[in-house]
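For reference, the structure discussed in these notes is given below.
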Amino acid sequence: MSSDPVRREEQEQKGITRRKFFQWCGWAGFWVAAGASIYSFFRFMKPRALFEPPALFRAGRAEDYPGGTVSEKWKKEQKVWIVHSREGVYALASICTHLACTPNWSEEERLFKCPCHGSVFSLEGDVVAGPAPEPLYRVPVQFTDEGELVVGTGLHGIRLSSQSNKEPKRSSSHYLLRV
Amino acid sequence: MEEEITGTPFEDLPDEAKVGVEEDEVTTFPHLVYKEFLCALAVLILFILLSVFFRAPLEEMADPSLTPNPSKAPWYFVGLQELLVYFDPWIAGVMIPLLIIVGLMLIPYLDTNPDGVEEYTFRKRKLAIITFTVGLALWFILIAIGYYMRGLHWQLYWPWESREMVKNSAEGLRSLPLYGGIVFLSIYFGLGIYLPARLKRGLLEEVGRARYVILMLLFLLMAGVVIKIVLRLTLNVKYILTTPWFNI
Amino acid sequence: MAKFRDWITGTQVWKSIVRHGYPDTRTNRMLTILSNFFLHVHPVTVNERYIRVRHSWCMGGISFLLYIILVVTGILLMFYYRPTIEFAYQDIKDLHFSVAYGDILRNMHRWAGHAMVFTVAAHMAIVFYTGAYKPPREFNWVVGVLLLFLTLFLSFTGYLLPWDQLSYWAVTVGTSMIKAFPLLGSEGPFSRLDGESDIGFLFVGGRTIGQSTLLRFYVLHVAFLPFLISVVMLVHFWRVRKDGKLTKKL
């Protein structure tokens, strides 16, 4: 038995006393407020508006990308390659799936090679060698009514579509234009 | 008041005032304060000279479309970057650093040996010193490999090889099948935890059950990093355990 | 000369500041420590064995000195550096080539930063090898490991600020690793979060490394982390005293 008189009084009174009830309410309020503060901090750190390039851009006509070529035209601005292979026209994000370095297209080997940790990707974006855990992401491509190519980037499209590099989605009309 | 400020030399103090003063105890001023002052001056001079003669690196302005080849992390993280060759990013970049920090923090609670305080001794705490030194050495060896032996595309170059030569990443890496990985890992951790307790009688009682398991887990994880590196270099093993959610 | 000195030390002003006589007696030496705010982090007496250079190699002290150097040079650099992707790189160039002594200040900030990582790690190793983490000092070792982590994090956030190729790609790789965090990162195992609500986004402040990343790292580097590490350092020093590092024979 505690020698502290308040303590002893509490221990003697079984059940919920008024003191216990208010004590409990006080602490509950404290922890709820503390949790809300932590939540609001994280929410504060996530911006509502981003000042980044738009998530859709017009990339010219399909004829600008002759068969069997990889275009690096948009790599600097939009971080995509536009590839015209036997499959059709598709766009690959020029972001290594390993740690987001920018791979280089090697024309003579016909491979995408990442300088950071040596990942190598095929024309289709599949991992040929190196530590990359996944194929390169494909971003959505579409024709407008006027026959212009519209590519959806902004990493928005890319990160959300991490499924895009897997069959069968990758050969769906959303990611691959048969020309 | 004046009396107190001037004070009496220690030797002249009455004996009862000397009680509690040990033989090798000295006053902090000047013995420690002057050492610190001299040390601070030396360090300041060193850094002023360093800054006058060695310019801090500054490359071209950042260009998101052009990754330098090879691109290296600051030296203290090159060890982690080197591990990225052998492990997926969530292990090399997250789990291993976390385990290192947690493991370091746990050291005083896992080491129950009361000997060897405030002295350099190997004899009294062999196991602790060997483990710590191996870990420390591993960290710096990985840094050295990453810093001096990695060239274009993060490939391994011996010091005598030309850095211009292009090497390709190893192809045809194999992974253990799922059941193989499970068997391998359970044998490794099972035997690793069971055998030492069995072979060295009294060990379990000496350190306590929970402490022993944590200790052995940390040992095995540290050794496991080395084992995976060896498996990759000799047998071309990409993953030991392959599951739909993660690979090890 | 001696007369002049006696006159100075006899004035009311001097006596109001320095509360002890010439430190050639034990009492006055003890009072030197006790009556000085800055020296008071020390105990008044220490064990002669533990203050030998070959015992501690001065690594803890040097780490703290380097931290002071970093704070001073860092504050001075802030007068000329603007954390925007438009100006950051140019301002660093200006520091090197047009600001008087700017070159030396930035060099010193860089080298001291690298050196501090090394000395903190060396301090940890020496504390380990001398068994100085053993009871009753276990918790201070934990605080020390936290300081090592904060030192690394400070150094890493500072790495982005020059906005050159070196910093940009080191931070790209670094933040991608954060994204690989299990559960909390969008690229890690068991991820339930998309790239815009995960822990990596918190650091990057956008979809790619850009203006918001630079600003975030800048604020972390010059305000948030220095404040945090100062508080933890105070705890560390206070516990060195309370756990009896230099006085007690254990």
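A note on labels: chains of the structure tokens are A, B, ... as shown, every chain counts residues from 1, and ligands are counted from 1 in their shown order.
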
Mind listing as a JSON list (two decimals) with N, CA, C and O atoms, in the first residue's frame which residues of chain A are within 9 Å of chain B, counting only C-alpha atoms?
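Contents of selection-v6.json, freshly written:
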```
[["chain", "number", "residue", "atom", "x", "y", "z"],
["A", 75, "LYS", "N", 14.31, 13.64, -74.18],
["A", 75, "LYS", "CA", 14.94, 13.14, -72.95],
["A", 75, "LYS", "C", 15.26, 14.28, -71.98],
["A", 75, "LYS", "O", 15.01, 14.17, -70.78],
["A", 76, "LYS", "N", 15.77, 15.36, -72.50],
["A", 76, "LYS", "CA", 16.21, 16.45, -71.63],
["A", 76, "LYS", "C", 15.00, 17.13, -70.95],
["A", 76, "LYS", "O", 14.99, 17.34, -69.74],
["A", 77, "GLU", "N", 13.98, 17.43, -71.76],
["A", 77, "GLU", "CA", 12.85, 18.18, -71.23],
["A", 77, "GLU", "C", 11.88, 17.32, -70.43],
["A", 77, "GLU", "O", 11.41, 17.71, -69.38],
["A", 79, "LYS", "N", 12.15, 13.71, -70.01],
["A", 79, "LYS", "CA", 12.65, 12.43, -69.50],
["A", 79, "LYS", "C", 11.95, 11.21, -70.10],
["A", 79, "LYS", "O", 11.53, 10.30, -69.38],
["A", 94, "SER", "N", 12.96, 7.76, -69.11],
["A", 94, "SER", "CA", 14.43, 7.63, -69.05],
["A", 94, "SER", "C", 14.89, 7.77, -67.60],
["A", 94, "SER", "O", 15.68, 8.64, -67.25],
["A", 98, "HIS", "N", 16.37, 1.28, -60.95],
["A", 98, "HIS", "CA", 17.19, 0.95, -59.78],
["A", 98, "HIS", "C", 17.21, 2.14, -58.83],
["A", 98, "HIS", "O", 16.55, 2.11, -57.80],
["A", 99, "LEU", "N", 17.92, 3.22, -59.20],
["A", 99, "LEU", "CA", 17.96, 4.38, -58.31],
["A", 99, "LEU", "C", 17.80, 5.70, -59.04],
["A", 99, "LEU", "O", 18.39, 6.71, -58.65],
["A", 101, "CYS", "N", 18.80, 7.08, -61.81],
["A", 101, "CYS", "CA", 19.76, 7.78, -62.65],
["A", 101, "CYS", "C", 19.20, 7.82, -64.07],
["A", 101, "CYS", "O", 18.22, 7.15, -64.38],
["A", 102, "THR", "N", 19.82, 8.60, -64.95],
["A", 102, "THR", "CA", 19.36, 8.68, -66.33],
["A", 102, "THR", "C", 20.24, 7.77, -67.21],
["A", 102, "THR", "O", 21.41, 8.06, -67.38],
["A", 103, "PRO", "N", 19.68, 6.68, -67.75],
["A", 103, "PRO", "CA", 20.50, 5.80, -68.60],
["A", 103, "PRO", "C", 20.81, 6.46, -69.94],
["A", 103, "PRO", "O", 20.18, 7.44, -70.33],
["A", 104, "ASN", "N", 21.82, 5.93, -70.62],
["A", 104, "ASN", "CA", 22.17, 6.43, -71.95],
["A", 104, "ASN", "C", 21.80, 5.40, -73.00],
["A", 104, "ASN", "O", 21.93, 4.20, -72.78],
["A", 113, "LYS", "N", 21.91, 1.91, -71.26],
["A", 113, "LYS", "CA", 22.86, 1.55, -70.21],
["A", 113, "LYS", "C", 22.92, 2.66, -69.17],
["A", 113, "LYS", "O", 23.12, 3.82, -69.49],
["A", 114, "CYS", "N", 22.76, 2.24, -67.90],
["A", 114, "CYS", "CA", 22.75, 3.22, -66.81],
["A", 114, "CYS", "C", 24.16, 3.38, -66.23],
["A", 114, "CYS", "O", 24.80, 2.39, -65.89],
["A", 115, "PRO", "N", 24.64, 4.61, -66.16],
["A", 115, "PRO", "CA", 26.01, 4.81, -65.67],
["A", 115, "PRO", "C", 26.17, 4.64, -64.17],
["A", 115, "PRO", "O", 27.28, 4.48, -63.69],
["A", 116, "CYS", "N", 25.08, 4.69, -63.42],
["A", 116, "CYS", "CA", 25.24, 4.67, -61.96],
["A", 116, "CYS", "C", 25.69, 3.32, -61.43],
["A", 116, "CYS", "O", 26.67, 3.21, -60.73],
["A", 117, "HIS", "N", 24.94, 2.27, -61.75],
["A", 117, "HIS", "CA", 25.29, 0.98, -61.19],
["A", 117, "HIS", "C", 25.30, -0.12, -62.23],
["A", 117, "HIS", "O", 25.17, -1.30, -61.93],
["A", 118, "GLY", "N", 25.39, 0.29, -63.51],
["A", 118, "GLY", "CA", 25.60, -0.69, -64.57],
["A", 118, "GLY", "C", 24.39, -1.50, -64.98],
["A", 118, "GLY", "O", 24.54, -2.59, -65.52],
["A", 119, "SER", "N", 23.18, -0.99, -64.74],
["A", 119, "SER", "CA", 22.01, -1.71, -65.24],
["A", 119, "SER", "C", 21.93, -1.54, -66.75],
["A", 119, "SER", "O", 22.21, -0.47, -67.29],
["A", 120, "VAL", "N", 21.52, -2.60, -67.44],
["A", 120, "VAL", "CA", 21.39, -2.56, -68.89],
["A", 120, "VAL", "C", 19.98, -3.00, -69.26],
["A", 120, "VAL", "O", 19.48, -3.99, -68.72],
["A", 128, "VAL", "N", 18.49, -6.51, -68.92],
["A", 128, "VAL", "CA", 19.40, -7.48, -69.51],
["A", 128, "VAL", "C", 20.49, -7.83, -68.51],
["A", 128, "VAL", "O", 20.90, -8.98, -68.38],
["A", 129, "ALA", "N", 20.97, -6.84, -67.79],
["A", 129, "ALA", "CA", 22.04, -7.09, -66.83],
["A", 129, "ALA", "C", 22.00, -5.99, -65.77],
["A", 129, "ALA", "O", 21.34, -4.97, -65.95],
["A", 130, "GLY", "N", 22.72, -6.24, -64.70],
["A", 130, "GLY", "CA", 22.83, -5.22, -63.65],
["A", 130, "GLY", "C", 21.77, -5.34, -62.58],
["A", 130, "GLY", "O", 20.92, -6.23, -62.63],
["A", 131, "PRO", "N", 21.82, -4.43, -61.61],
["A", 131, "PRO", "CA", 21.01, -4.58, -60.40],
["A", 131, "PRO", "C", 19.56, -4.10, -60.51],
["A", 131, "PRO", "O", 18.81, -4.25, -59.56],
["A", 132, "ALA", "N", 19.13, -3.53, -61.65],
["A", 132, "ALA", "CA", 17.77, -3.00, -61.72],
["A", 132, "ALA", "C", 16.75, -4.09, -61.42],
["A", 132, "ALA", "O", 16.81, -5.17, -62.01],
["A", 133, "PRO", "N", 15.80, -3.82, -60.52],
["A", 133, "PRO", "CA", 14.84, -4.85, -60.14],
["A", 133, "PRO", "C", 13.69, -5.00, -61.13],
["A", 133, "PRO", "O", 13.02, -6.03, -61.15]]
```

What residues in stretch 67-120 of chain B get the DSSP label helix (DSSP H, G or I)? Please answer as a ChimeraX atom specification.
/B:75-83,89-110

Dump as a ChimeraX atom specification the residues of chain C that approach chain A to within 10 Å, counting only C-alpha atoms.
/C:169-170,172-180,186-187,193-199,201-208,210-212,216

If we count only C-alpha atoms and set the cut-off at 9 Å, which residues sit around B:Trp158, ignoring sequence neighbours fewer than 4 positions away in its own chain? Please answer as a ChimeraX atom specification.
/B:148-150,162

N, CA, C and O atoms of the current selection, written as a short mmCIF file (atom, residue, chain, number, x, y, z; two decimals), in the first residue's frame:
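Okay, out17.cif is ready:
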```
data_model
loop_
_atom_site.label_atom_id
_atom_site.label_comp_id
_atom_site.auth_asym_id
_atom_site.auth_seq_id
_atom_site.Cartn_x
_atom_site.Cartn_y
_atom_site.Cartn_z
N TYR B 148 38.04 3.38 -55.19
CA TYR B 148 39.24 3.25 -56.03
C TYR B 148 39.10 2.23 -57.14
O TYR B 148 39.86 2.24 -58.10
N MET B 149 38.16 1.27 -57.02
CA MET B 149 38.16 0.18 -57.99
C MET B 149 36.93 0.17 -58.89
O MET B 149 36.76 -0.76 -59.68
N ARG B 150 36.06 1.17 -58.76
CA ARG B 150 34.88 1.19 -59.61
C ARG B 150 35.04 2.24 -60.70
O ARG B 150 35.30 3.42 -60.40
N SER B 162 43.08 0.12 -67.57
CA SER B 162 42.72 1.45 -68.06
C SER B 162 41.25 1.74 -67.77
O SER B 162 40.39 0.89 -67.96
#
```

Just the residues within 12 Å of B:Thr133, please, counting only C-alpha atoms, with nothing from its chain fewer than 5 positions along; format it as a VMD selection string.
(chain B and resid 122 126 to 128 138 to 141) or (chain C and resid 125 to 126 128 to 129)

Would you save the residues of that selection, restricted to N, CA and C atoms, as a CSV table (one decimal), in the first residue's frame?
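In the end it all went to result.csv:
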```
chain,number,residue,atom,x,y,z
B,122,PHE,N,43.2,-6.1,-25.3
B,122,PHE,CA,42.6,-7.1,-26.2
B,122,PHE,C,42.3,-8.4,-25.4
B,126,LYS,N,38.3,-10.3,-26.1
B,126,LYS,CA,38.7,-10.7,-27.4
B,126,LYS,C,37.5,-10.6,-28.4
B,127,LEU,N,36.4,-11.3,-28.1
B,127,LEU,CA,35.3,-11.4,-29.0
B,127,LEU,C,34.7,-10.1,-29.4
B,128,ALA,N,34.5,-9.2,-28.4
B,128,ALA,CA,33.9,-7.9,-28.7
B,128,ALA,C,34.8,-7.1,-29.7
B,138,LEU,N,35.2,-3.9,-42.6
B,138,LEU,CA,34.3,-4.2,-43.7
B,138,LEU,C,33.8,-2.9,-44.3
B,139,TRP,N,33.4,-2.0,-43.4
B,139,TRP,CA,32.8,-0.7,-43.9
B,139,TRP,C,33.9,0.0,-44.7
B,140,PHE,N,35.1,0.1,-44.2
B,140,PHE,CA,36.2,0.8,-44.9
B,140,PHE,C,36.7,0.1,-46.2
B,141,ILE,N,36.7,-1.3,-46.1
B,141,ILE,CA,37.1,-2.0,-47.3
B,141,ILE,C,36.1,-1.7,-48.5
C,125,ALA,N,34.9,4.7,-32.4
C,125,ALA,CA,35.8,3.5,-32.3
C,125,ALA,C,36.7,3.6,-31.1
C,126,ILE,N,37.2,4.8,-30.7
C,126,ILE,CA,38.1,4.8,-29.6
C,126,ILE,C,37.3,4.6,-28.3
C,128,PHE,N,34.8,2.7,-28.1
C,128,PHE,CA,34.6,1.2,-28.1
C,128,PHE,C,35.9,0.5,-27.6
C,129,TYR,N,37.0,0.9,-28.1
C,129,TYR,CA,38.2,0.1,-27.8
C,129,TYR,C,38.7,0.4,-26.4
```

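Among the candidate residues B:Leu241, B:Ala56, B:Ile107, B:Ile229, the one lying nearest to C:His114 is B:Ala56, with distances computed using only C-alpha atoms.
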